[in-house]
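Containing mmCIF, C-alpha atoms; chains and numbers go by the auth columns: final-v3.cif.
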data_target
#
loop_
_atom_site.group_PDB
_atom_site.id
_atom_site.type_symbol
_atom_site.label_atom_id
_atom_site.label_comp_id
_atom_site.label_asym_id
_atom_site.label_seq_id
_atom_site.Cartn_x
_atom_site.Cartn_y
_atom_site.Cartn_z
_atom_site.B_iso_or_equiv
_atom_site.auth_seq_id
_atom_site.auth_asym_id
ATOM 1 C CA GLU A 1 -20.012 -88.229 44.961 0.00 1391 A
ATOM 2 C CA ALA A 2 -20.507 -89.561 41.462 0.00 1392 A
ATOM 3 C CA GLY A 3 -23.973 -89.158 40.004 0.00 1393 A
ATOM 4 C CA VAL A 4 -26.332 -91.645 38.397 0.00 1394 A
ATOM 5 C CA ALA A 5 -24.791 -92.910 35.168 0.00 1395 A
ATOM 6 C CA GLN A 6 -26.890 -93.899 32.188 0.00 1396 A
ATOM 7 C CA SER A 7 -26.022 -95.163 28.737 0.00 1397 A
ATOM 8 C CA PRO A 8 -26.466 -94.730 25.894 0.00 1398 A
ATOM 9 C CA ARG A 9 -27.420 -91.045 25.774 0.00 1399 A
ATOM 10 C CA TYR A 10 -29.279 -91.398 22.495 0.00 1400 A
ATOM 11 C CA LYS A 11 -30.678 -94.324 20.537 0.00 1401 A
ATOM 12 C CA ILE A 12 -32.598 -94.512 17.271 0.00 1402 A
ATOM 13 C CA ILE A 13 -34.188 -97.808 16.294 0.00 1403 A
ATOM 14 C CA GLU A 14 -36.846 -99.056 13.935 0.00 1404 A
ATOM 15 C CA LYS A 15 -40.167 -100.276 15.262 0.00 1405 A
ATOM 16 C CA ARG A 16 -40.223 -103.938 16.233 0.00 1406 A
ATOM 17 C CA GLN A 17 -36.503 -103.864 17.058 0.00 1407 A
ATOM 18 C CA SER A 18 -35.225 -104.351 20.592 0.00 1408 A
ATOM 19 C CA VAL A 19 -33.208 -101.953 22.730 0.00 1409 A
ATOM 20 C CA ALA A 20 -31.594 -101.959 26.163 0.00 1410 A
ATOM 21 C CA PHE A 21 -30.662 -99.166 28.520 0.00 1411 A
ATOM 22 C CA TRP A 22 -28.200 -99.331 31.369 0.00 1412 A
ATOM 23 C CA CYS A 23 -28.107 -97.500 34.704 0.00 1413 A
ATOM 24 C CA ASN A 24 -25.494 -97.349 37.439 0.00 1414 A
ATOM 25 C CA PRO A 25 -26.949 -95.684 40.552 0.00 1415 A
ATOM 26 C CA ILE A 26 -25.111 -93.727 43.215 0.00 1416 A
ATOM 27 C CA SER A 27 -23.037 -96.048 45.351 0.00 1417 A
ATOM 28 C CA GLY A 28 -24.935 -97.245 48.386 0.00 1418 A
ATOM 29 C CA HIS A 29 -28.357 -96.187 47.141 0.00 1419 A
ATOM 30 C CA ALA A 30 -30.751 -99.026 47.854 0.00 1420 A
ATOM 31 C CA THR A 31 -33.617 -97.851 45.691 0.00 1421 A
ATOM 32 C CA LEU A 32 -33.529 -97.525 41.914 0.00 1422 A
ATOM 33 C CA TYR A 33 -36.270 -96.166 39.676 0.00 1423 A
ATOM 34 C CA TRP A 34 -36.892 -96.143 35.942 0.00 1424 A
ATOM 35 C CA TYR A 35 -39.082 -93.319 34.663 0.00 1425 A
ATOM 36 C CA GLN A 36 -40.429 -92.704 31.163 0.00 1426 A
ATOM 37 C CA GLN A 37 -40.816 -89.107 30.039 0.00 1427 A
ATOM 38 C CA ILE A 38 -42.778 -88.584 26.841 0.00 1428 A
ATOM 39 C CA LEU A 39 -42.385 -85.175 25.208 0.00 1429 A
ATOM 40 C CA GLY A 40 -44.684 -82.634 26.846 0.00 1430 A
ATOM 41 C CA GLN A 41 -45.445 -84.847 29.825 0.00 1431 A
ATOM 42 C CA GLY A 42 -43.949 -85.335 33.255 0.00 1432 A
ATOM 43 C CA PRO A 43 -41.857 -88.386 34.106 0.00 1433 A
ATOM 44 C CA LYS A 44 -43.912 -91.516 34.793 0.00 1434 A
ATOM 45 C CA LEU A 45 -42.633 -94.339 36.975 0.00 1435 A
ATOM 46 C CA LEU A 46 -42.141 -97.625 35.142 0.00 1436 A
ATOM 47 C CA ILE A 47 -40.493 -99.721 37.835 0.00 1437 A
ATOM 48 C CA GLN A 48 -38.977 -99.350 41.289 0.00 1438 A
ATOM 49 C CA PHE A 49 -36.382 -101.670 42.803 0.00 1439 A
ATOM 50 C CA GLN A 50 -35.425 -101.941 46.460 0.00 1440 A
ATOM 51 C CA ASN A 51 -32.000 -103.589 46.387 0.00 1441 A
ATOM 52 C CA ASN A 52 -32.603 -106.297 43.765 0.00 1442 A
ATOM 53 C CA GLY A 53 -36.311 -106.829 44.460 0.00 1443 A
ATOM 54 C CA VAL A 54 -39.193 -105.188 42.577 0.00 1444 A
ATOM 55 C CA VAL A 55 -41.322 -102.866 44.731 0.00 1445 A
ATOM 56 C CA ASP A 56 -43.628 -101.413 42.083 0.00 1446 A
ATOM 57 C CA ASP A 57 -43.978 -102.319 38.421 0.00 1447 A
ATOM 58 C CA SER A 58 -47.668 -101.568 38.059 0.00 1448 A
ATOM 59 C CA GLN A 59 -47.138 -99.190 35.117 0.00 1449 A
ATOM 60 C CA LEU A 60 -44.573 -101.286 33.265 0.00 1450 A
ATOM 61 C CA PRO A 61 -45.966 -102.678 29.976 0.00 1451 A
ATOM 62 C CA LYS A 62 -44.831 -106.180 30.753 0.00 1452 A
ATOM 63 C CA ASP A 63 -45.643 -107.583 27.330 0.00 1453 A
ATOM 64 C CA ARG A 64 -42.743 -105.624 25.882 0.00 1454 A
ATOM 65 C CA PHE A 65 -40.759 -104.058 28.710 0.00 1455 A
ATOM 66 C CA SER A 66 -38.530 -105.880 31.155 0.00 1456 A
ATOM 67 C CA ALA A 67 -36.067 -104.725 33.781 0.00 1457 A
ATOM 68 C CA GLU A 68 -33.632 -106.295 36.145 0.00 1458 A
ATOM 69 C CA ARG A 69 -31.266 -105.162 38.843 0.00 1459 A
ATOM 70 C CA LEU A 70 -28.586 -107.754 39.346 0.00 1460 A
ATOM 71 C CA LYS A 71 -26.826 -107.833 42.724 0.00 1461 A
ATOM 72 C CA GLY A 72 -28.772 -104.772 43.801 0.00 1462 A
ATOM 73 C CA VAL A 73 -26.505 -102.364 41.919 0.00 1463 A
ATOM 74 C CA ASP A 74 -26.675 -101.804 38.144 0.00 1464 A
ATOM 75 C CA SER A 75 -29.935 -102.101 36.266 0.00 1465 A
ATOM 76 C CA THR A 76 -30.991 -102.676 32.687 0.00 1466 A
ATOM 77 C CA LEU A 77 -34.303 -101.806 31.054 0.00 1467 A
ATOM 78 C CA LYS A 78 -35.215 -103.602 27.843 0.00 1468 A
ATOM 79 C CA ILE A 79 -37.904 -103.006 25.250 0.00 1469 A
ATOM 80 C CA GLN A 80 -38.749 -105.810 22.834 0.00 1470 A
ATOM 81 C CA PRO A 81 -40.333 -105.187 20.392 0.00 1471 A
ATOM 82 C CA ALA A 82 -40.346 -101.393 20.335 0.00 1472 A
ATOM 83 C CA LYS A 83 -43.343 -99.374 19.173 0.00 1473 A
ATOM 84 C CA LEU A 84 -43.489 -95.824 17.871 0.00 1474 A
ATOM 85 C CA GLU A 85 -45.143 -94.668 21.106 0.00 1475 A
ATOM 86 C CA ASP A 86 -42.111 -95.810 23.098 0.00 1476 A
ATOM 87 C CA SER A 87 -40.226 -92.757 21.827 0.00 1477 A
ATOM 88 C CA ALA A 88 -39.344 -90.930 25.033 0.00 1478 A
ATOM 89 C CA VAL A 89 -36.570 -90.105 27.450 0.00 1479 A
ATOM 90 C CA TYR A 90 -35.893 -92.934 29.884 0.00 1480 A
ATOM 91 C CA LEU A 91 -34.672 -91.618 33.210 0.00 1481 A
ATOM 92 C CA CYS A 92 -33.012 -93.638 35.910 0.00 1482 A
ATOM 93 C CA ALA A 93 -32.993 -92.340 39.475 0.00 1483 A
ATOM 94 C CA SER A 94 -31.737 -93.633 42.784 0.00 1484 A
ATOM 95 C CA SER A 95 -32.355 -92.773 46.416 0.00 1485 A
ATOM 96 C CA PRO A 96 -30.675 -93.874 49.635 0.00 1486 A
ATOM 97 C CA ASP A 97 -33.504 -95.647 51.372 0.00 1487 A
ATOM 98 C CA GLY A 98 -36.610 -95.621 49.248 0.00 1488 A
ATOM 99 C CA GLY A 99 -38.356 -93.067 51.387 0.00 1489 A
ATOM 100 C CA GLY A 100 -38.894 -90.794 48.438 0.00 1490 A
ATOM 101 C CA TYR A 101 -36.301 -88.294 49.530 0.00 1491 A
ATOM 102 C CA GLY A 102 -32.888 -87.653 48.092 0.00 1492 A
ATOM 103 C CA TYR A 103 -33.804 -88.689 44.576 0.00 1493 A
ATOM 104 C CA THR A 104 -30.953 -88.198 42.123 0.00 1494 A
ATOM 105 C CA PHE A 105 -31.684 -88.533 38.428 0.00 1495 A
ATOM 106 C CA GLY A 106 -29.355 -89.527 35.640 0.00 1496 A
ATOM 107 C CA SER A 107 -29.191 -87.574 32.391 0.00 1497 A
ATOM 108 C CA GLY A 108 -31.499 -90.021 30.659 0.00 1498 A
ATOM 109 C CA THR A 109 -31.520 -91.953 27.404 0.00 1499 A
ATOM 110 C CA ARG A 110 -33.444 -90.371 24.548 0.00 1500 A
ATOM 111 C CA LEU A 111 -35.062 -93.125 22.475 0.00 1501 A
ATOM 112 C CA THR A 112 -36.492 -92.470 19.033 0.00 1502 A
ATOM 113 C CA VAL A 113 -38.456 -95.254 17.371 0.00 1503 A
ATOM 114 C CA VAL A 114 -38.961 -94.758 13.631 0.00 1504 A
ATOM 115 C CA ASP B 1 -55.920 -89.479 35.837 0.00 1168 B
ATOM 116 C CA GLN B 2 -53.543 -86.554 36.247 0.00 1169 B
ATOM 117 C CA GLN B 3 -53.068 -86.245 39.999 0.00 1170 B
ATOM 118 C CA VAL B 4 -50.550 -83.416 39.744 0.00 1171 B
ATOM 119 C CA LYS B 5 -51.295 -80.625 37.317 0.00 1172 B
ATOM 120 C CA GLN B 6 -49.285 -77.712 36.037 0.00 1173 B
ATOM 121 C CA ASN B 7 -51.717 -75.782 33.899 0.00 1174 B
ATOM 122 C CA SER B 8 -49.247 -73.302 32.438 0.00 1175 B
ATOM 123 C CA PRO B 9 -47.015 -75.008 29.881 0.00 1176 B
ATOM 124 C CA SER B 10 -44.823 -71.933 29.565 0.00 1177 B
ATOM 125 C CA LEU B 11 -43.999 -68.669 31.294 0.00 1178 B
ATOM 126 C CA SER B 12 -41.863 -65.725 30.204 0.00 1179 B
ATOM 127 C CA VAL B 13 -40.477 -63.287 32.772 0.00 1180 B
ATOM 128 C CA GLN B 14 -38.034 -60.415 32.581 0.00 1181 B
ATOM 129 C CA GLU B 15 -34.724 -60.674 34.374 0.00 1182 B
ATOM 130 C CA GLY B 16 -34.972 -59.278 37.899 0.00 1183 B
ATOM 131 C CA ARG B 17 -38.717 -59.780 38.171 0.00 1184 B
ATOM 132 C CA ILE B 18 -40.584 -62.462 40.105 0.00 1185 B
ATOM 133 C CA SER B 19 -41.415 -65.815 38.497 0.00 1186 B
ATOM 134 C CA ILE B 20 -44.419 -67.663 39.906 0.00 1187 B
ATOM 135 C CA LEU B 21 -44.991 -71.254 38.882 0.00 1188 B
ATOM 136 C CA ASN B 22 -48.168 -72.993 39.962 0.00 1189 B
ATOM 137 C CA CYS B 23 -49.113 -76.574 40.688 0.00 1190 B
ATOM 138 C CA ASP B 24 -52.378 -78.228 41.732 0.00 1191 B
ATOM 139 C CA TYR B 25 -52.952 -81.724 43.043 0.00 1192 B
ATOM 140 C CA THR B 26 -56.000 -83.876 43.577 0.00 1193 B
ATOM 141 C CA ASN B 27 -54.783 -86.673 45.856 0.00 1194 B
ATOM 142 C CA SER B 28 -55.337 -85.616 49.472 0.00 1195 B
ATOM 143 C CA MET B 29 -52.909 -88.325 50.613 0.00 1196 B
ATOM 144 C CA PHE B 30 -49.949 -86.422 49.178 0.00 1197 B
ATOM 145 C CA ASP B 31 -48.001 -84.959 52.081 0.00 1198 B
ATOM 146 C CA TYR B 32 -44.640 -84.010 50.613 0.00 1199 B
ATOM 147 C CA PHE B 33 -44.035 -81.863 47.580 0.00 1200 B
ATOM 148 C CA LEU B 34 -40.933 -81.162 45.535 0.00 1201 B
ATOM 149 C CA TRP B 35 -39.869 -78.933 42.687 0.00 1202 B
ATOM 150 C CA TYR B 36 -37.379 -80.106 40.112 0.00 1203 B
ATOM 151 C CA LYS B 37 -35.590 -78.113 37.466 0.00 1204 B
ATOM 152 C CA LYS B 38 -34.626 -79.636 34.133 0.00 1205 B
ATOM 153 C CA TYR B 39 -32.257 -78.317 31.508 0.00 1206 B
ATOM 154 C CA PRO B 40 -32.284 -79.818 27.981 0.00 1207 B
ATOM 155 C CA ALA B 41 -30.410 -83.126 27.690 0.00 1208 B
ATOM 156 C CA GLU B 42 -30.049 -83.385 31.471 0.00 1209 B
ATOM 157 C CA GLY B 43 -32.000 -85.195 34.161 0.00 1210 B
ATOM 158 C CA PRO B 44 -34.231 -83.294 36.595 0.00 1211 B
ATOM 159 C CA THR B 45 -32.379 -81.805 39.554 0.00 1212 B
ATOM 160 C CA PHE B 46 -33.926 -81.223 42.947 0.00 1213 B
ATOM 161 C CA LEU B 47 -34.660 -77.598 43.741 0.00 1214 B
ATOM 162 C CA ILE B 48 -36.767 -77.259 46.879 0.00 1215 B
ATOM 163 C CA SER B 49 -39.363 -79.204 48.827 0.00 1216 B
ATOM 164 C CA ILE B 50 -42.074 -78.691 51.414 0.00 1217 B
ATOM 165 C CA SER B 51 -43.827 -80.923 53.877 0.00 1218 B
ATOM 166 C CA SER B 52 -47.570 -80.682 54.367 0.00 1219 B
ATOM 167 C CA ILE B 53 -47.038 -79.567 57.956 0.00 1220 B
ATOM 168 C CA LYS B 54 -45.629 -76.296 56.638 0.00 1221 B
ATOM 169 C CA ASP B 55 -47.089 -73.617 54.423 0.00 1222 B
ATOM 170 C CA LYS B 56 -43.838 -72.041 53.318 0.00 1223 B
ATOM 171 C CA ASN B 57 -40.243 -73.045 52.723 0.00 1224 B
ATOM 172 C CA GLU B 58 -37.516 -70.699 51.584 0.00 1225 B
ATOM 173 C CA ASP B 59 -34.081 -71.332 50.131 0.00 1226 B
ATOM 174 C CA GLY B 60 -32.279 -68.299 48.803 0.00 1227 B
ATOM 175 C CA ARG B 61 -34.121 -66.930 45.807 0.00 1228 B
ATOM 176 C CA PHE B 62 -36.598 -69.814 45.831 0.00 1229 B
ATOM 177 C CA THR B 63 -39.721 -70.029 47.999 0.00 1230 B
ATOM 178 C CA VAL B 64 -42.418 -72.652 47.863 0.00 1231 B
ATOM 179 C CA PHE B 65 -45.874 -71.974 49.259 0.00 1232 B
ATOM 180 C CA LEU B 66 -48.395 -74.674 50.066 0.00 1233 B
ATOM 181 C CA ASN B 67 -52.153 -74.169 50.451 0.00 1234 B
ATOM 182 C CA LYS B 68 -53.457 -77.517 51.634 0.00 1235 B
ATOM 183 C CA SER B 69 -57.121 -76.556 51.646 0.00 1236 B
ATOM 184 C CA ALA B 70 -56.891 -75.524 47.998 0.00 1237 B
ATOM 185 C CA LYS B 71 -54.522 -78.381 47.123 0.00 1238 B
ATOM 186 C CA HIS B 72 -52.271 -75.827 45.511 0.00 1239 B
ATOM 187 C CA LEU B 73 -48.611 -74.989 45.671 0.00 1240 B
ATOM 188 C CA SER B 74 -46.493 -72.393 44.002 0.00 1241 B
ATOM 189 C CA LEU B 75 -42.814 -71.737 43.441 0.00 1242 B
ATOM 190 C CA HIS B 76 -41.598 -68.151 43.589 0.00 1243 B
ATOM 191 C CA ILE B 77 -38.229 -67.166 42.150 0.00 1244 B
ATOM 192 C CA VAL B 78 -37.028 -63.689 43.123 0.00 1245 B
ATOM 193 C CA PRO B 79 -35.177 -62.165 41.400 0.00 1246 B
ATOM 194 C CA SER B 80 -35.342 -64.230 38.222 0.00 1247 B
ATOM 195 C CA GLN B 81 -32.080 -64.747 36.365 0.00 1248 B
ATOM 196 C CA PRO B 82 -31.384 -65.935 32.795 0.00 1249 B
ATOM 197 C CA GLY B 83 -29.844 -69.124 34.204 0.00 1250 B
ATOM 198 C CA ASP B 84 -33.236 -69.977 35.686 0.00 1251 B
ATOM 199 C CA SER B 85 -34.571 -70.652 32.186 0.00 1252 B
ATOM 200 C CA ALA B 86 -35.518 -74.338 32.272 0.00 1253 B
ATOM 201 C CA VAL B 87 -38.488 -76.665 32.631 0.00 1254 B
ATOM 202 C CA TYR B 88 -39.806 -76.863 36.184 0.00 1255 B
ATOM 203 C CA PHE B 89 -41.623 -79.954 37.395 0.00 1256 B
ATOM 204 C CA CYS B 90 -43.810 -80.151 40.457 0.00 1257 B
ATOM 205 C CA ALA B 91 -43.832 -83.582 42.124 0.00 1258 B
ATOM 206 C CA ALA B 92 -45.801 -85.057 45.000 0.00 1259 B
ATOM 207 C CA LEU B 93 -45.327 -87.941 47.361 0.00 1260 B
ATOM 208 C CA ASP B 94 -47.511 -89.948 49.726 0.00 1261 B
ATOM 209 C CA THR B 95 -44.908 -90.743 52.360 0.00 1262 B
ATOM 210 C CA GLY B 96 -47.193 -93.210 54.068 0.00 1263 B
ATOM 211 C CA THR B 97 -47.562 -95.694 51.267 0.00 1264 B
ATOM 212 C CA ALA B 98 -45.052 -95.337 48.490 0.00 1265 B
ATOM 213 C CA SER B 99 -41.835 -93.649 47.608 0.00 1266 B
ATOM 214 C CA LYS B 100 -42.619 -93.023 43.970 0.00 1267 B
ATOM 215 C CA LEU B 101 -42.918 -89.424 42.875 0.00 1268 B
ATOM 216 C CA THR B 102 -45.954 -88.310 40.881 0.00 1269 B
ATOM 217 C CA PHE B 103 -44.943 -85.532 38.511 0.00 1270 B
ATOM 218 C CA GLY B 104 -46.810 -82.717 36.839 0.00 1271 B
ATOM 219 C CA THR B 105 -46.384 -82.008 33.139 0.00 1272 B
ATOM 220 C CA GLY B 106 -43.917 -79.190 33.667 0.00 1273 B
ATOM 221 C CA THR B 107 -43.735 -75.446 33.017 0.00 1274 B
ATOM 222 C CA ARG B 108 -41.085 -74.029 30.707 0.00 1275 B
ATOM 223 C CA LEU B 109 -39.716 -70.806 32.202 0.00 1276 B
ATOM 224 C CA GLN B 110 -37.961 -68.329 29.950 0.00 1277 B
ATOM 225 C CA VAL B 111 -36.181 -65.449 31.670 0.00 1278 B
ATOM 226 C CA THR B 112 -35.516 -62.657 29.212 0.00 1279 B
ATOM 227 C CA LEU B 113 -32.941 -59.878 29.417 0.00 1280 B
#

Would you write the structure of this file as structure tokens?
Amino acid sequence: EAGVAQSPRYKIIEKRQSVAFWCNPISGHATLYWYQQILGQGPKLLIQFQNNGVVDDSQLPKDRFSAERLKGVDSTLKIQPAKLEDSAVYLCASSPDGGGYGYTFGSGTRLTVV
Amino acid sequence: DQQVKQNSPSLSVQEGRISILNCDYTNSMFDYFLWYKKYPAEGPTFLISISSIKDKNEDGRFTVFLNKSAKHLSLHIVPSQPGDSAVYFCAALDTGTASKLTFGTGTRLQVTL
């Protein structure tokens, strides 16, 4: 089975610019997660989708971050405008049924804001 | 509020010896715990898990112990191998309310020759 695909792998932008990340989950996985991992910290959930509906976005900074999951498959996460503190690895994960089991993570996108 | 804590940022162990990684949690609603392993430039990969109804789960060289009264779990790797060198994350889940994982800050394990 193919894994969770993410792109790009690396991105460097200047502060106040915008950036978008893309995730293609494992086929058939209903639940998709975006996590932010700042250096030296554990991954922190930004948003969770069940099919194409949002289940939890309580820790998403909605003034600058947005995410969508069209047709319940692929997802994009956007930051506009970016701040220096957004420098992190953005991890996408998917699971079959949202029960918290069977998480599979992608390789992540490393974002550097300068 | 750090609900899952890994107080040792790094650990160095000789090849062949036992590695013990520790994790503490504060939320008594957590009832399922997982360990993930992360190599540089890769996403975390699932290693082993344990339900709160158990106090031990074993899978090959990896064993996880859970002490519910102390809200503490540990991962034992025996024998340690150089390929085990990675960052290990402890994660916890409240299966009754949400499917999001709460992660610790990670422990970097270095297995030396």

Skipping near chain neighbours, those fewer than 2 positions away, what residues fall within 8 Å of Ser1456 in chain A using all atoms listed in the file, listed as number ranges by chain? A: 1450, 1452, 1454, 1458, 1467-1469

Closest to Cys1190 in chain B among B:Leu1240, B:Leu1268, B:Leu1178, B:Val1245, using all atoms listed in the file? B:Leu1240

May I ask you to extract the residues of chain B within 12 Å of chain A, using all atoms listed in the file, and to give them as an mmCIF file with C-alpha atoms, in the frame of the given file?
data_model
loop_
_atom_site.group_PDB
_atom_site.id
_atom_site.type_symbol
_atom_site.label_atom_id
_atom_site.label_comp_id
_atom_site.auth_asym_id
_atom_site.auth_seq_id
_atom_site.Cartn_x
_atom_site.Cartn_y
_atom_site.Cartn_z
ATOM 1 C CA GLN B 1169 -53.543 -86.554 36.247
ATOM 2 C CA GLN B 1170 -53.068 -86.245 39.999
ATOM 3 C CA VAL B 1171 -50.550 -83.416 39.744
ATOM 4 C CA LYS B 1172 -51.295 -80.625 37.317
ATOM 5 C CA GLN B 1173 -49.285 -77.712 36.037
ATOM 6 C CA ASN B 1174 -51.717 -75.782 33.899
ATOM 7 C CA SER B 1175 -49.247 -73.302 32.438
ATOM 8 C CA PRO B 1176 -47.015 -75.008 29.881
ATOM 9 C CA SER B 1177 -44.823 -71.933 29.565
ATOM 10 C CA PHE B 1197 -49.949 -86.422 49.178
ATOM 11 C CA ASP B 1198 -48.001 -84.959 52.081
ATOM 12 C CA TYR B 1199 -44.640 -84.010 50.613
ATOM 13 C CA PHE B 1200 -44.035 -81.863 47.580
ATOM 14 C CA LEU B 1201 -40.933 -81.162 45.535
ATOM 15 C CA TRP B 1202 -39.869 -78.933 42.687
ATOM 16 C CA TYR B 1203 -37.379 -80.106 40.112
ATOM 17 C CA LYS B 1204 -35.590 -78.113 37.466
ATOM 18 C CA LYS B 1205 -34.626 -79.636 34.133
ATOM 19 C CA TYR B 1206 -32.257 -78.317 31.508
ATOM 20 C CA PRO B 1207 -32.284 -79.818 27.981
ATOM 21 C CA ALA B 1208 -30.410 -83.126 27.690
ATOM 22 C CA GLU B 1209 -30.049 -83.385 31.471
ATOM 23 C CA GLY B 1210 -32.000 -85.195 34.161
ATOM 24 C CA PRO B 1211 -34.231 -83.294 36.595
ATOM 25 C CA THR B 1212 -32.379 -81.805 39.554
ATOM 26 C CA PHE B 1213 -33.926 -81.223 42.947
ATOM 27 C CA LEU B 1214 -34.660 -77.598 43.741
ATOM 28 C CA ILE B 1215 -36.767 -77.259 46.879
ATOM 29 C CA SER B 1216 -39.363 -79.204 48.827
ATOM 30 C CA ILE B 1217 -42.074 -78.691 51.414
ATOM 31 C CA SER B 1218 -43.827 -80.923 53.877
ATOM 32 C CA VAL B 1254 -38.488 -76.665 32.631
ATOM 33 C CA TYR B 1255 -39.806 -76.863 36.184
ATOM 34 C CA PHE B 1256 -41.623 -79.954 37.395
ATOM 35 C CA CYS B 1257 -43.810 -80.151 40.457
ATOM 36 C CA ALA B 1258 -43.832 -83.582 42.124
ATOM 37 C CA ALA B 1259 -45.801 -85.057 45.000
ATOM 38 C CA LEU B 1260 -45.327 -87.941 47.361
ATOM 39 C CA ASP B 1261 -47.511 -89.948 49.726
ATOM 40 C CA THR B 1262 -44.908 -90.743 52.360
ATOM 41 C CA GLY B 1263 -47.193 -93.210 54.068
ATOM 42 C CA THR B 1264 -47.562 -95.694 51.267
ATOM 43 C CA ALA B 1265 -45.052 -95.337 48.490
ATOM 44 C CA SER B 1266 -41.835 -93.649 47.608
ATOM 45 C CA LYS B 1267 -42.619 -93.023 43.970
ATOM 46 C CA LEU B 1268 -42.918 -89.424 42.875
ATOM 47 C CA THR B 1269 -45.954 -88.310 40.881
ATOM 48 C CA PHE B 1270 -44.943 -85.532 38.511
ATOM 49 C CA GLY B 1271 -46.810 -82.717 36.839
ATOM 50 C CA THR B 1272 -46.384 -82.008 33.139
ATOM 51 C CA GLY B 1273 -43.917 -79.190 33.667
ATOM 52 C CA THR B 1274 -43.735 -75.446 33.017
ATOM 53 C CA ARG B 1275 -41.085 -74.029 30.707
#

Two-atom distance - CA of Val1409 in chain A, CA of Ser1484 in chain A (Å):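 Here the two named atoms are 21.8 Å from each other.
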
For this file, the PyMOL selection byres ((chain B and resi 1280) around 9) selects which residues, as a VMD selection string? chain B and resid 1180 to 1183 1248 to 1249 1278 to 1279
